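What follows is the content of run-v9.txt (compact mmCIF, C-alpha atoms (C1' of nucleotides)).
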# COMPACT_ATOMS: atom_id res chain seq x y z
CA MET A 22 149.69 112.46 45.90
CA PRO A 23 151.88 110.71 48.36
CA GLN A 24 154.96 108.74 47.52
CA ARG A 25 157.94 111.00 47.51
CA ALA A 26 159.18 111.09 43.95
CA LEU A 27 162.30 109.17 43.14
CA SER A 28 165.28 111.16 44.25
CA LYS A 29 166.30 113.46 41.48
CA ALA A 30 169.10 112.03 39.47
CA LYS A 31 172.29 113.92 39.20
CA LEU A 32 171.65 116.80 36.87
CA PRO A 33 173.68 117.63 33.78
CA PRO A 34 175.78 120.78 33.44
CA ARG A 35 173.69 123.91 33.13
CA ARG A 36 173.85 126.76 30.74
CA LEU A 37 171.95 129.89 31.55
CA SER A 38 170.24 129.72 28.18
CA GLU A 39 168.66 126.48 29.29
CA PHE A 40 166.75 127.98 32.20
CA PRO A 41 166.90 124.76 34.16
CA PRO A 42 163.84 123.81 36.19
CA HIS A 43 165.44 123.66 39.59
CA LEU A 44 166.43 127.32 39.37
CA SER A 45 162.89 128.47 38.74
CA SER A 46 160.68 129.70 41.56
CA GLY A 47 157.76 127.91 39.97
CA TYR A 48 159.46 124.55 40.20
CA GLN A 49 160.55 125.11 43.73
CA VAL A 50 157.02 125.98 44.68
CA ARG A 51 155.77 122.87 42.92
CA ASP A 52 158.22 120.66 44.76
CA ALA A 53 157.29 122.11 48.10
CA HIS A 54 153.61 121.76 47.31
CA ARG A 55 154.03 118.10 46.47
CA ALA A 56 155.99 117.46 49.63
CA PHE A 57 153.23 119.00 51.72
CA GLN A 58 150.53 117.08 49.90
CA ARG A 59 152.28 113.77 50.21
CA LEU A 60 152.65 114.01 53.94
CA LEU A 61 149.17 115.38 54.50
CA GLU A 62 147.59 112.61 52.48
CA ARG A 63 149.47 109.91 54.36
CA ARG A 64 148.57 111.24 57.73
CA ILE A 65 144.89 111.85 57.20
CA ALA A 66 144.26 108.59 55.36
CA PRO A 67 144.13 106.61 58.65
CA PHE A 68 141.15 108.78 59.63
CA GLY A 69 139.37 107.90 56.41
CA VAL A 70 139.74 111.42 55.10
CA THR A 71 141.12 112.15 51.65
CA ARG A 72 143.00 115.21 50.52
CA GLY A 73 140.03 116.36 48.44
CA GLN A 74 137.83 116.31 51.52
CA TRP A 75 140.40 117.94 53.73
CA TYR A 76 140.13 121.46 52.35
CA PHE A 77 136.39 121.47 52.80
CA LEU A 78 136.58 120.16 56.34
CA ARG A 79 139.10 122.84 57.07
CA VAL A 80 136.64 125.56 56.04
CA LEU A 81 133.56 123.95 57.59
CA TRP A 82 135.29 123.53 60.94
CA ILE A 83 135.43 127.31 61.01
CA THR A 84 132.04 128.10 59.50
CA ASP A 85 129.39 125.41 59.28
CA GLY A 86 126.29 125.58 57.10
CA LEU A 87 127.71 127.36 54.07
CA SER A 88 126.20 127.02 50.62
CA GLN A 89 128.13 125.12 48.00
CA ARG A 90 129.05 128.28 46.18
CA GLU A 91 130.33 129.90 49.36
CA LEU A 92 132.31 126.81 50.08
CA SER A 93 133.83 126.76 46.61
CA ALA A 94 134.93 130.34 47.01
CA ARG A 95 136.46 129.86 50.42
CA VAL A 96 138.24 126.66 49.52
CA GLY A 97 139.37 128.16 46.24
CA MET A 98 138.04 125.43 43.98
CA MET A 99 135.66 125.38 41.05
CA GLU A 100 132.12 124.32 41.78
CA PRO A 101 132.16 120.97 40.01
CA THR A 102 135.14 120.06 42.16
CA THR A 103 133.09 120.96 45.20
CA VAL A 104 130.24 118.76 44.03
CA ILE A 105 132.55 115.79 43.76
CA ALA A 106 134.21 116.37 47.12
CA LEU A 107 130.88 116.85 48.88
CA ARG A 108 129.44 113.74 47.31
CA SER A 109 132.25 111.67 48.76
CA MET A 110 131.97 113.44 52.10
CA GLU A 111 128.28 112.70 52.26
CA LYS A 112 128.94 109.06 51.47
CA SER A 113 131.58 108.96 54.22
CA GLY A 114 129.15 110.47 56.69
CA LEU A 115 131.11 113.69 57.16
CA ILE A 116 128.43 116.11 56.01
CA ARG A 117 124.71 116.50 55.42
CA ARG A 118 123.34 118.56 52.56
CA VAL A 119 120.19 120.56 53.22
CA ARG A 120 118.16 122.42 50.62
CA GLY A 121 117.91 126.12 51.46
CA ASP A 122 114.53 127.03 52.93
CA ASP A 123 114.37 130.61 51.77
CA ASP A 124 116.16 129.96 48.48
CA ARG A 125 115.57 126.48 47.21
CA ARG A 126 118.40 126.69 44.69
CA LYS A 127 120.92 126.64 47.48
CA VAL A 128 122.30 123.57 49.13
CA LEU A 129 123.64 124.19 52.62
CA VAL A 130 126.39 121.98 53.94
CA PHE A 131 126.51 120.91 57.58
CA LEU A 132 129.11 118.84 59.37
CA THR A 133 128.01 115.65 61.09
CA ALA A 134 128.96 114.86 64.67
CA LYS A 135 131.57 112.49 63.28
CA ALA A 136 133.25 115.29 61.32
CA LYS A 137 133.17 117.56 64.33
CA ARG A 138 134.83 114.93 66.46
CA LEU A 139 137.68 114.65 63.95
CA ARG A 140 138.44 118.35 64.16
CA GLY A 141 140.87 118.43 67.04
CA GLU A 142 142.99 115.53 65.96
CA LEU A 143 143.12 116.51 62.31
CA LEU A 144 143.99 120.11 63.02
CA GLY A 145 146.78 118.65 65.11
CA VAL A 146 148.01 116.80 62.04
CA ALA A 147 148.07 120.04 60.06
CA ARG A 148 149.93 121.85 62.81
CA THR A 149 152.48 119.10 63.06
CA ILE A 150 153.20 119.12 59.34
CA THR A 151 153.59 122.87 59.36
CA ALA A 152 155.97 122.65 62.28
CA GLU A 153 157.98 119.94 60.59
CA ALA A 154 158.20 121.96 57.38
CA GLU A 155 159.30 125.07 59.25
CA GLU A 156 161.85 123.34 61.43
CA GLY A 157 165.19 125.05 61.54
CA ILE A 158 163.90 128.16 59.78
CA ALA A 159 164.20 131.42 61.70
CA LEU A 160 160.98 133.23 62.52
CA ARG A 161 162.22 136.25 60.66
CA ASP A 162 162.81 134.10 57.60
CA LEU A 163 159.38 132.54 57.87
CA ALA A 164 157.78 135.94 57.92
CA ALA A 165 159.79 136.91 54.87
CA PHE A 166 158.81 133.71 53.14
CA ARG A 167 155.12 134.28 53.71
CA ARG A 168 155.33 137.82 52.47
CA ILE A 169 157.20 136.84 49.33
CA VAL A 170 155.13 133.82 48.40
CA ALA A 171 151.96 135.84 48.90
CA ARG A 172 153.35 138.54 46.65
CA MET A 173 154.09 135.99 43.93
CA THR A 174 150.57 134.64 44.13
CA GLU A 175 149.14 138.14 43.89
CA ASN A 176 151.36 138.97 40.96
CA LEU A 177 150.20 135.89 39.08
CA ASP A 178 146.56 136.16 40.05
CA ARG A 179 146.41 139.65 38.64
CA ILE A 180 147.23 138.29 35.19
CA GLU A 181 144.36 137.09 33.09
CA ARG A 182 146.13 135.26 30.27
CA MET B 6 144.29 123.61 36.30
CA PRO B 7 143.70 127.04 35.00
CA GLN B 8 140.83 129.26 35.94
CA ARG B 9 141.78 131.41 38.85
CA ALA B 10 139.62 130.31 41.75
CA LEU B 11 136.77 132.54 42.76
CA SER B 12 138.14 135.36 44.82
CA LYS B 13 138.22 134.24 48.40
CA ALA B 14 135.19 135.44 50.25
CA LYS B 15 135.64 137.64 53.24
CA LEU B 16 136.93 135.44 56.00
CA PRO B 17 135.42 135.13 59.46
CA PRO B 18 137.14 136.27 62.65
CA ARG B 19 140.08 134.04 63.58
CA ARG B 20 141.02 132.40 66.77
CA LEU B 21 144.47 131.00 67.12
CA SER B 22 143.05 127.68 68.16
CA GLU B 23 141.49 127.41 64.73
CA PHE B 24 144.77 127.41 62.84
CA PRO B 25 143.18 129.06 59.85
CA PRO B 26 144.37 127.94 56.41
CA HIS B 27 145.60 131.24 55.11
CA LEU B 28 148.14 131.46 57.93
CA SER B 29 149.70 128.13 57.10
CA SER B 30 152.81 127.88 54.94
CA GLY B 31 151.34 124.83 53.28
CA TYR B 32 148.31 126.71 52.07
CA GLN B 33 150.35 129.60 50.84
CA VAL B 34 152.53 127.24 48.89
CA ARG B 35 149.44 125.57 47.47
CA ASP B 36 147.96 128.88 46.36
CA ALA B 37 151.19 129.93 44.69
CA HIS B 38 151.50 126.56 43.00
CA ARG B 39 148.01 126.82 41.57
CA ALA B 40 148.66 130.33 40.34
CA PHE B 41 151.77 129.18 38.51
CA GLN B 42 149.98 126.19 37.03
CA ARG B 43 147.03 128.16 35.83
CA LEU B 44 149.13 130.63 33.90
CA LEU B 45 151.48 128.02 32.50
CA GLU B 46 148.61 125.89 31.27
CA ARG B 47 146.94 128.81 29.53
CA ARG B 48 150.07 129.92 27.79
CA ILE B 49 151.29 126.59 26.51
CA ALA B 50 147.87 125.40 25.37
CA PRO B 51 148.07 127.45 22.13
CA PHE B 52 151.14 125.39 21.22
CA GLY B 53 149.20 122.19 21.71
CA VAL B 54 151.22 121.30 24.79
CA THR B 55 149.58 120.28 28.05
CA ARG B 56 150.92 120.76 31.55
CA GLY B 57 151.50 117.02 31.87
CA GLN B 58 153.74 117.09 28.79
CA TRP B 59 155.52 120.27 29.81
CA TYR B 60 157.65 118.80 32.58
CA PHE B 61 158.94 116.08 30.32
CA LEU B 62 159.73 118.46 27.50
CA ARG B 63 161.56 120.57 29.99
CA VAL B 64 163.86 117.70 30.88
CA LEU B 65 164.24 116.35 27.35
CA TRP B 66 165.23 119.74 26.01
CA ILE B 67 168.24 119.45 28.26
CA THR B 68 169.01 115.75 27.83
CA ASP B 69 167.47 113.82 24.96
CA GLY B 70 167.27 110.05 24.71
CA LEU B 71 166.71 109.17 28.37
CA SER B 72 165.01 105.96 29.45
CA GLN B 73 161.56 106.19 30.96
CA ARG B 74 162.88 105.48 34.41
CA GLU B 75 165.50 108.20 34.11
CA LEU B 76 162.84 110.58 32.92
CA SER B 77 160.54 109.75 35.81
CA ALA B 78 163.31 110.43 38.27
CA ARG B 79 164.33 113.74 36.74
CA VAL B 80 160.80 115.00 36.36
CA GLY B 81 159.94 113.78 39.83
CA MET B 82 156.91 111.71 38.88
CA MET B 83 155.97 108.10 39.36
CA GLU B 84 156.46 105.81 36.40
CA PRO B 85 152.83 105.22 35.51
CA THR B 86 152.44 108.99 35.26
CA THR B 87 155.35 109.03 32.87
CA VAL B 88 153.77 106.30 30.77
CA ILE B 89 150.61 108.35 30.40
CA ALA B 90 152.42 111.57 29.59
CA LEU B 91 154.67 109.90 27.03
CA ARG B 92 151.76 108.19 25.35
CA SER B 93 150.09 111.54 24.77
CA MET B 94 153.36 113.08 23.65
CA GLU B 95 153.89 110.31 21.14
CA LYS B 96 150.38 110.81 19.80
CA SER B 97 151.03 114.55 19.50
CA GLY B 98 154.24 113.89 17.59
CA LEU B 99 156.51 115.36 20.26
CA ILE B 100 158.58 112.23 20.94
CA ARG B 101 159.59 108.88 19.52
CA ARG B 102 160.09 105.83 21.73
CA VAL B 103 162.90 103.49 20.82
CA ARG B 104 163.56 100.10 22.41
CA GLY B 105 167.04 99.98 23.93
CA ASP B 106 169.47 98.05 21.76
CA ASP B 107 171.76 96.80 24.47
CA ASP B 108 169.03 96.33 27.06
CA ARG B 109 165.70 95.53 25.48
CA ARG B 110 163.75 96.29 28.63
CA LYS B 111 164.52 99.95 28.26
CA VAL B 112 162.55 102.41 26.18
CA LEU B 113 164.53 105.46 25.19
CA VAL B 114 162.70 108.69 24.56
CA PHE B 115 163.76 111.08 21.79
CA LEU B 116 162.35 114.46 20.89
CA THR B 117 161.04 114.96 17.37
CA ALA B 118 162.04 117.93 15.25
CA LYS B 119 158.68 119.47 16.11
CA ALA B 120 159.42 119.32 19.83
CA LYS B 121 162.86 120.76 19.30
CA ARG B 122 161.45 123.66 17.33
CA LEU B 123 159.10 124.51 20.21
CA ARG B 124 161.95 124.79 22.67
CA GLY B 125 162.90 128.43 22.29
CA GLU B 126 159.42 129.80 22.35
CA LEU B 127 158.22 127.65 25.23
CA LEU B 128 161.24 128.34 27.38
CA GLY B 129 160.42 131.99 26.75
CA VAL B 130 156.96 131.36 28.16
CA ALA B 131 158.48 129.87 31.30
CA ARG B 132 160.89 132.75 31.70
CA THR B 133 158.10 135.26 31.29
CA ILE B 134 155.94 133.64 33.93
CA THR B 135 158.84 133.52 36.35
CA ALA B 136 159.58 137.16 35.71
CA GLU B 137 155.94 138.10 36.24
CA ALA B 138 155.79 136.14 39.48
CA GLU B 139 158.96 137.74 40.78
CA GLU B 140 158.04 141.27 39.78
CA GLY B 141 158.54 143.82 42.52
CA ILE B 142 160.45 141.39 44.72
CA ALA B 143 163.99 142.37 45.63
CA LEU B 144 166.77 140.06 44.47
CA ARG B 145 167.85 139.60 48.06
CA ASP B 146 164.32 138.52 48.95
CA LEU B 147 164.18 136.11 46.04
CA ALA B 148 167.36 134.47 47.16
CA ALA B 149 165.94 134.15 50.66
CA PHE B 150 162.72 132.73 49.29
CA ARG B 151 164.51 130.05 47.31
CA ARG B 152 166.62 129.07 50.26
CA ILE B 153 163.63 128.83 52.59
CA VAL B 154 161.30 126.97 50.27
CA ALA B 155 164.07 124.51 49.45
CA ARG B 156 164.62 123.96 53.15
CA MET B 157 160.92 123.27 53.69
CA THR B 158 160.92 120.72 50.89
CA GLU B 159 163.98 119.03 52.33
CA ASN B 160 162.47 118.98 55.78
CA LEU B 161 159.33 117.29 54.49
CA ASP B 162 161.08 114.94 52.11
CA ARG B 163 163.15 113.57 54.93
CA ILE B 164 159.99 112.35 56.67
CA GLU B 165 158.72 108.95 55.70
CA ARG B 166 155.27 108.95 57.26
C1' DT C 21 172.62 75.88 32.07
C1' DC C 22 168.64 76.78 34.69
C1' DC C 23 166.09 79.13 38.18
C1' DC C 24 164.98 83.20 40.59
C1' DA C 25 165.55 87.88 42.07
C1' DT C 26 165.87 92.36 40.02
C1' DT C 27 164.92 95.84 36.74
C1' DG C 28 162.09 98.49 33.41
C1' DC C 29 157.88 99.34 31.77
C1' DA C 30 152.72 98.80 31.44
C1' DT C 31 147.94 98.14 33.03
C1' DA C 32 144.06 98.86 36.17
C1' DG C 33 141.63 101.55 39.08
C1' DA C 34 141.04 105.60 42.19
C1' DT C 35 141.29 110.59 43.19
C1' DT C 36 141.49 115.40 42.31
C1' DT C 37 140.95 118.91 39.46
C1' DC C 38 139.56 121.47 35.47
C1' DT C 39 136.23 123.36 31.25
C1' DA C 40 131.93 123.36 28.98
C1' DA C 41 127.37 122.82 28.95
C1' DG C 42 122.88 121.61 31.20
C1' DT C 43 118.80 122.14 34.65
C1' DA C 44 116.08 124.30 38.15
C1' DA C 45 114.90 128.21 41.10
C1' DT C 46 114.78 133.13 41.53
C1' DT C 47 114.66 137.89 40.17
C1' DA C 48 114.00 141.59 36.93
C1' DT C 49 111.73 143.66 32.99
C1' DC C 50 108.15 144.73 30.15
C1' DG D 28 101.74 138.11 34.99
C1' DA D 29 104.80 136.28 31.26
C1' DT D 30 109.23 136.14 29.62
C1' DA D 31 114.17 136.88 30.01
C1' DA D 32 118.29 137.07 32.62
C1' DT D 33 120.73 135.54 36.52
C1' DT D 34 122.03 132.41 40.09
C1' DA D 35 123.04 127.82 42.20
C1' DC D 36 124.05 123.56 41.44
C1' DT D 37 124.85 119.35 38.41
C1' DT D 38 126.51 116.44 34.73
C1' DA D 39 129.85 115.05 31.25
C1' DG D 40 134.22 114.53 29.80
C1' DA D 41 139.23 115.26 29.97
C1' DA D 42 143.75 115.47 32.26
C1' DA D 43 147.22 114.53 35.71
C1' DT D 44 148.47 112.05 39.28
C1' DC D 45 148.83 108.32 42.58
C1' DT D 46 148.98 102.97 44.50
C1' DA D 47 149.02 98.23 43.56
C1' DT D 48 149.89 94.79 40.57
C1' DG D 49 151.49 92.37 36.32
C1' DC D 50 154.73 91.07 32.56
C1' DA D 51 159.04 90.69 30.11
C1' DA D 52 164.03 91.13 29.81
C1' DT D 53 168.25 90.69 32.38
C1' DG D 54 171.72 88.88 35.37
C1' DG D 55 173.60 86.17 39.35
C1' DG D 56 174.20 81.90 41.78
C1' DA D 57 173.56 76.82 42.26

Target format structure tokens, applied to this file:
Amino acid sequence: MPQRALSKAKLPPRRLSEFPPHLSSGYQVRDAHRAFQRLLERRIAPFGVTRGQWYFLRVLWITDGLSQRELSARVGMMEPTTVIALRSMEKSGLIRRVRGDDDRRKVLVFLTAKAKRLRGELLGVARTITAEAEEGIALRDLAAFRRIVARMTENLDRIER
Amino acid sequence: MPQRALSKAKLPPRRLSEFPPHLSSGYQVRDAHRAFQRLLERRIAPFGVTRGQWYFLRVLWITDGLSQRELSARVGMMEPTTVIALRSMEKSGLIRRVRGDDDRRKVLVFLTAKAKRLRGELLGVARTITAEAEEGIALRDLAAFRRIVARMTENLDRIER
DNA sequence: TCCCATTGCATAGATTTCTAAGTAATTATC
DNA sequence: GATAATTACTTAGAAATCTATGCAATGGGA
């Protein structure tokens, strides 16, 4: 979701009762998310890797040969999303899918040599983006940030409806 | 994008060289973003409003009668995205589109009475989610969080490629 | 005035993600 | 051992978003 959005126009006067977007944590998180995504997508595209594939590579580089369900859980996506991503990865020659031998319901996912070769360079891309995002922010502040954003996620994830 | 993702499976041992996802600011931001989205989507659905429409309502509740380009800029989306969102909002009876009188290229977007009536209740939804996300976090920490996440977004937005 | 660059919006097509519902393999129960 | 419940994956369809491109109205310069 590349292309940085048009620069935000000058905003009108605010009243508290209006609860303007840019003062809400949710919006700030959204903006940051989109900024990360945009850059990531641009930088991995030259390697023929899409954002949807990225998350799965990221997990498989650590643990190869997971089942699709395992993968879904670790990546944090629903299973149909995993199916779609894996289909494109198979077509791009990044993974092979192997029926489980003991349990033939399972489909195990293995990286190809090509995907393994990409690992170093692509992890470098991720590291660079992180470094660029964190530039000029004190280590103490980064630690605080991580703690707080994790707490927000926990707070929200605990809520069902 | 509702449905909280399957709880993350137990993760394997980490080596620094692996740069594991859950230690990256980008991933933490992504997780938080998805948590916000999920809850928002669930809570506005009963009002017949989708996430895609939400952002535009949010802006129009503050300033009605903007052109599509203005709207795109304020919401932070590309124009084709705006076209799609507005089409669905028109069909749902949330907006009217009026050709500009002075400049007939422009299409001005006006909220219907229905959309205006939803304002109070839906802003309440947003406030509630924010409050739930921020629960248990000190005000000082929230201020720090906002400052840091805004800095990250700026850092990334300044980068072209 | 006429042409052409610019501006504002729309269309086309791709990607990523979801929910809901379906199929096939396995396990549990009687 | 036959049937029912569960598990693992898949399909279908919708929504939100992007890039690239097209069209129509406007405005500036010859």

Quick one: contact table of chain C to chain B, 9 Å max, nearest atom pair and distance in Å to one decimal per residue, counting all atoms listed in the file, chain and number order, as a tab-separated table?
residue	atom	partner	partner_atom	distance
C:DT27	C1'	B:Arg110	CA	8.2
C:DG28	C1'	B:Arg110	CA	5.5
C:DC29	C1'	B:Arg110	CA	7.3
C:DA30	C1'	B:Pro85	CA	7.6
C:DT31	C1'	B:Pro85	CA	9.0
C:DT37	C1'	B:Met6	CA	6.6
C:DC38	C1'	B:Met6	CA	5.3
C:DT39	C1'	B:Gln8	CA	8.8

For CA of Val130 in chain B and CA of Glu46 in chain B, quote the distance in Å rounded to one decimal.
10.5 Å

Shell around DG42 in chain C at 10 Å using all atoms listed in the file, local window under 5 positions removed, as an MDAnalysis selection string
chainID D and resid 37:39

Show which residues sit within 9 Å of range 149-163 of chain B, as a PDB file with C-alpha atoms, in the coordinates of the input. Count all atoms listed in the file, and ignore same-chain residues fewer than 4 positions away.
ATOM      1  CA  ARG A  25     157.940 111.000  47.510  1.00  0.00           C
ATOM      2  CA  LEU A  44     166.430 127.320  39.370  1.00  0.00           C
ATOM      3  CA  SER A  45     162.890 128.470  38.740  1.00  0.00           C
ATOM      4  CA  SER A  46     160.680 129.700  41.560  1.00  0.00           C
ATOM      5  CA  GLN A  49     160.550 125.110  43.730  1.00  0.00           C
ATOM      6  CA  VAL A  50     157.020 125.980  44.680  1.00  0.00           C
ATOM      7  CA  ASP A  52     158.220 120.660  44.760  1.00  0.00           C
ATOM      8  CA  ALA A  53     157.290 122.110  48.100  1.00  0.00           C
ATOM      9  CA  HIS A  54     153.610 121.760  47.310  1.00  0.00           C
ATOM     10  CA  ARG A  55     154.030 118.100  46.470  1.00  0.00           C
ATOM     11  CA  ALA A  56     155.990 117.460  49.630  1.00  0.00           C
ATOM     12  CA  PHE A  57     153.230 119.000  51.720  1.00  0.00           C
ATOM     13  CA  ARG A  59     152.280 113.770  50.210  1.00  0.00           C
ATOM     14  CA  LEU A  60     152.650 114.010  53.940  1.00  0.00           C
ATOM     15  CA  ILE A 150     153.200 119.120  59.340  1.00  0.00           C
ATOM     16  CA  GLU A 153     157.980 119.940  60.590  1.00  0.00           C
ATOM     17  CA  ALA A 154     158.200 121.960  57.380  1.00  0.00           C
ATOM     18  CA  GLU A 155     159.300 125.070  59.250  1.00  0.00           C
ATOM     19  CA  GLU A 156     161.850 123.340  61.430  1.00  0.00           C
ATOM     20  CA  GLY A 157     165.190 125.050  61.540  1.00  0.00           C
ATOM     21  CA  ILE A 158     163.900 128.160  59.780  1.00  0.00           C
ATOM     22  CA  ASP A 162     162.810 134.100  57.600  1.00  0.00           C
ATOM     23  CA  LEU A 163     159.380 132.540  57.870  1.00  0.00           C
ATOM     24  CA  ALA A 165     159.790 136.910  54.870  1.00  0.00           C
ATOM     25  CA  PHE A 166     158.810 133.710  53.140  1.00  0.00           C
ATOM     26  CA  ARG A 167     155.120 134.280  53.710  1.00  0.00           C
ATOM     27  CA  ILE A 169     157.200 136.840  49.330  1.00  0.00           C
ATOM     28  CA  VAL A 170     155.130 133.820  48.400  1.00  0.00           C
TER      29      VAL A 170
ATOM     30  CA  VAL B  34     152.530 127.240  48.890  1.00  0.00           C
ATOM     31  CA  LEU B 144     166.770 140.060  44.470  1.00  0.00           C
ATOM     32  CA  ARG B 145     167.850 139.600  48.060  1.00  0.00           C
TER      33      ARG B 145
END

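The coordinates place CA of Phe131 in chain A at 23.3 Å from C1' of DT46 in chain C.
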
Show me which bits of chain D are within 7 Å of chain B, counting all atoms listed in the file, as a PyMOL selection string.
chain D and resi 43-44+52

Using only C-alpha atoms: which of B:Gln42, B:Ala50, B:Leu116, B:Ala78 has the shortest distance to chain A:
B:Ala78

Write out as JSON, numbers by chain which residues come within 9 Å of Leu113 in chain B when counting all atoms listed in the file, dropping same-chain ones fewer than 6 positions away.
{"B": [69, 70, 71, 72, 73, 101, 102, 103, 104, 105]}

Go through A:Leu107, A:Arg95, A:Lys112, A:Tyr76 and flag the residue nearest chain B, using only C-alpha atoms for the distances.
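Selected residue with least distance to chain B: A:Arg95.
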
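When all atoms listed in the file are used to measure the gap to chain B, the shortest distance among A:Ala134, A:Leu115, A:Leu81, A:Ile180 belongs to A:Ile180.
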
Point-to-point distance from CA of Leu144 in chain A to CA of Tyr32 in chain B, Å rounded to tenths
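Computing it gives 13.5 Å between the two atoms.
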
Minimum-distance residue to chain A, chosen among B:Val114, B:Arg122, B:Ser93, B:Arg48 (using all atoms listed in the file):
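When distances to chain A are compared using all atoms listed in the file, the smallest one comes from B:Arg48.
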
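Among the candidates B:Met94, B:Leu123, B:Val80, B:Val54, the residue lying nearest to chain A is B:Val80 (atoms considered: all atoms listed in the file).
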
Reconstruct N, CA and C atoms of range 99-116 of chain A from the incomplete input and present them as a PDB file, in the coordinates of the input.
ATOM      1  N   MET A  99     136.807 125.213  41.936  1.00  0.00           N
ATOM      2  CA  MET A  99     135.660 125.380  41.050  1.00  0.00           C
ATOM      3  C   MET A  99     134.479 124.579  41.601  1.00  0.00           C
ATOM      4  N   GLU A 100     133.295 124.951  41.191  1.00  0.00           N
ATOM      5  CA  GLU A 100     132.120 124.320  41.780  1.00  0.00           C
ATOM      6  C   GLU A 100     131.964 122.840  41.458  1.00  0.00           C
ATOM      7  N   PRO A 101     132.278 122.414  40.263  1.00  0.00           N
ATOM      8  CA  PRO A 101     132.160 120.970  40.010  1.00  0.00           C
ATOM      9  C   PRO A 101     133.088 120.157  40.926  1.00  0.00           C
ATOM     10  N   THR A 102     134.225 120.734  41.245  1.00  0.00           N
ATOM     11  CA  THR A 102     135.140 120.060  42.160  1.00  0.00           C
ATOM     12  C   THR A 102     134.479 119.927  43.536  1.00  0.00           C
ATOM     13  N   THR A 103     133.803 120.975  43.927  1.00  0.00           N
ATOM     14  CA  THR A 103     133.090 120.960  45.200  1.00  0.00           C
ATOM     15  C   THR A 103     132.019 119.887  45.209  1.00  0.00           C
ATOM     16  N   VAL A 104     131.291 119.778  44.126  1.00  0.00           N
ATOM     17  CA  VAL A 104     130.240 118.760  44.030  1.00  0.00           C
ATOM     18  C   VAL A 104     130.831 117.383  44.286  1.00  0.00           C
ATOM     19  N   ILE A 105     131.935 117.106  43.622  1.00  0.00           N
ATOM     20  CA  ILE A 105     132.550 115.790  43.760  1.00  0.00           C
ATOM     21  C   ILE A 105     133.038 115.543  45.179  1.00  0.00           C
ATOM     22  N   ALA A 106     133.706 116.534  45.753  1.00  0.00           N
ATOM     23  CA  ALA A 106     134.210 116.370  47.120  1.00  0.00           C
ATOM     24  C   ALA A 106     133.044 116.158  48.090  1.00  0.00           C
ATOM     25  N   LEU A 107     131.992 116.949  47.942  1.00  0.00           N
ATOM     26  CA  LEU A 107     130.880 116.850  48.880  1.00  0.00           C
ATOM     27  C   LEU A 107     130.150 115.516  48.736  1.00  0.00           C
ATOM     28  N   ARG A 108     130.091 115.040  47.513  1.00  0.00           N
ATOM     29  CA  ARG A 108     129.440 113.740  47.310  1.00  0.00           C
ATOM     30  C   ARG A 108     130.174 112.668  48.117  1.00  0.00           C
ATOM     31  N   SER A 109     131.494 112.695  48.034  1.00  0.00           N
ATOM     32  CA  SER A 109     132.250 111.670  48.760  1.00  0.00           C
ATOM     33  C   SER A 109     132.160 111.901  50.269  1.00  0.00           C
ATOM     34  N   MET A 110     132.069 113.160  50.664  1.00  0.00           N
ATOM     35  CA  MET A 110     131.970 113.440  52.100  1.00  0.00           C
ATOM     36  C   MET A 110     130.616 113.003  52.647  1.00  0.00           C
ATOM     37  N   GLU A 111     129.602 113.139  51.819  1.00  0.00           N
ATOM     38  CA  GLU A 111     128.280 112.700  52.260  1.00  0.00           C
ATOM     39  C   GLU A 111     128.275 111.183  52.414  1.00  0.00           C
ATOM     40  N   LYS A 112     128.880 110.522  51.437  1.00  0.00           N
ATOM     41  CA  LYS A 112     128.940 109.060  51.470  1.00  0.00           C
ATOM     42  C   LYS A 112     129.735 108.579  52.693  1.00  0.00           C
ATOM     43  N   SER A 113     130.772 109.332  53.059  1.00  0.00           N
ATOM     44  CA  SER A 113     131.580 108.960  54.220  1.00  0.00           C
ATOM     45  C   SER A 113     130.957 109.407  55.535  1.00  0.00           C
ATOM     46  N   GLY A 114     129.803 110.047  55.452  1.00  0.00           N
ATOM     47  CA  GLY A 114     129.150 110.470  56.690  1.00  0.00           C
ATOM     48  C   GLY A 114     129.828 111.647  57.364  1.00  0.00           C
ATOM     49  N   LEU A 115     130.465 112.513  56.576  1.00  0.00           N
ATOM     50  CA  LEU A 115     131.110 113.690  57.160  1.00  0.00           C
ATOM     51  C   LEU A 115     130.218 114.920  57.115  1.00  0.00           C
ATOM     52  N   ILE A 116     129.327 114.961  56.138  1.00  0.00           N
ATOM     53  CA  ILE A 116     128.430 116.110  56.010  1.00  0.00           C
ATOM     54  C   ILE A 116     126.997 115.672  55.693  1.00  0.00           C
TER      55      ILE A 116
END
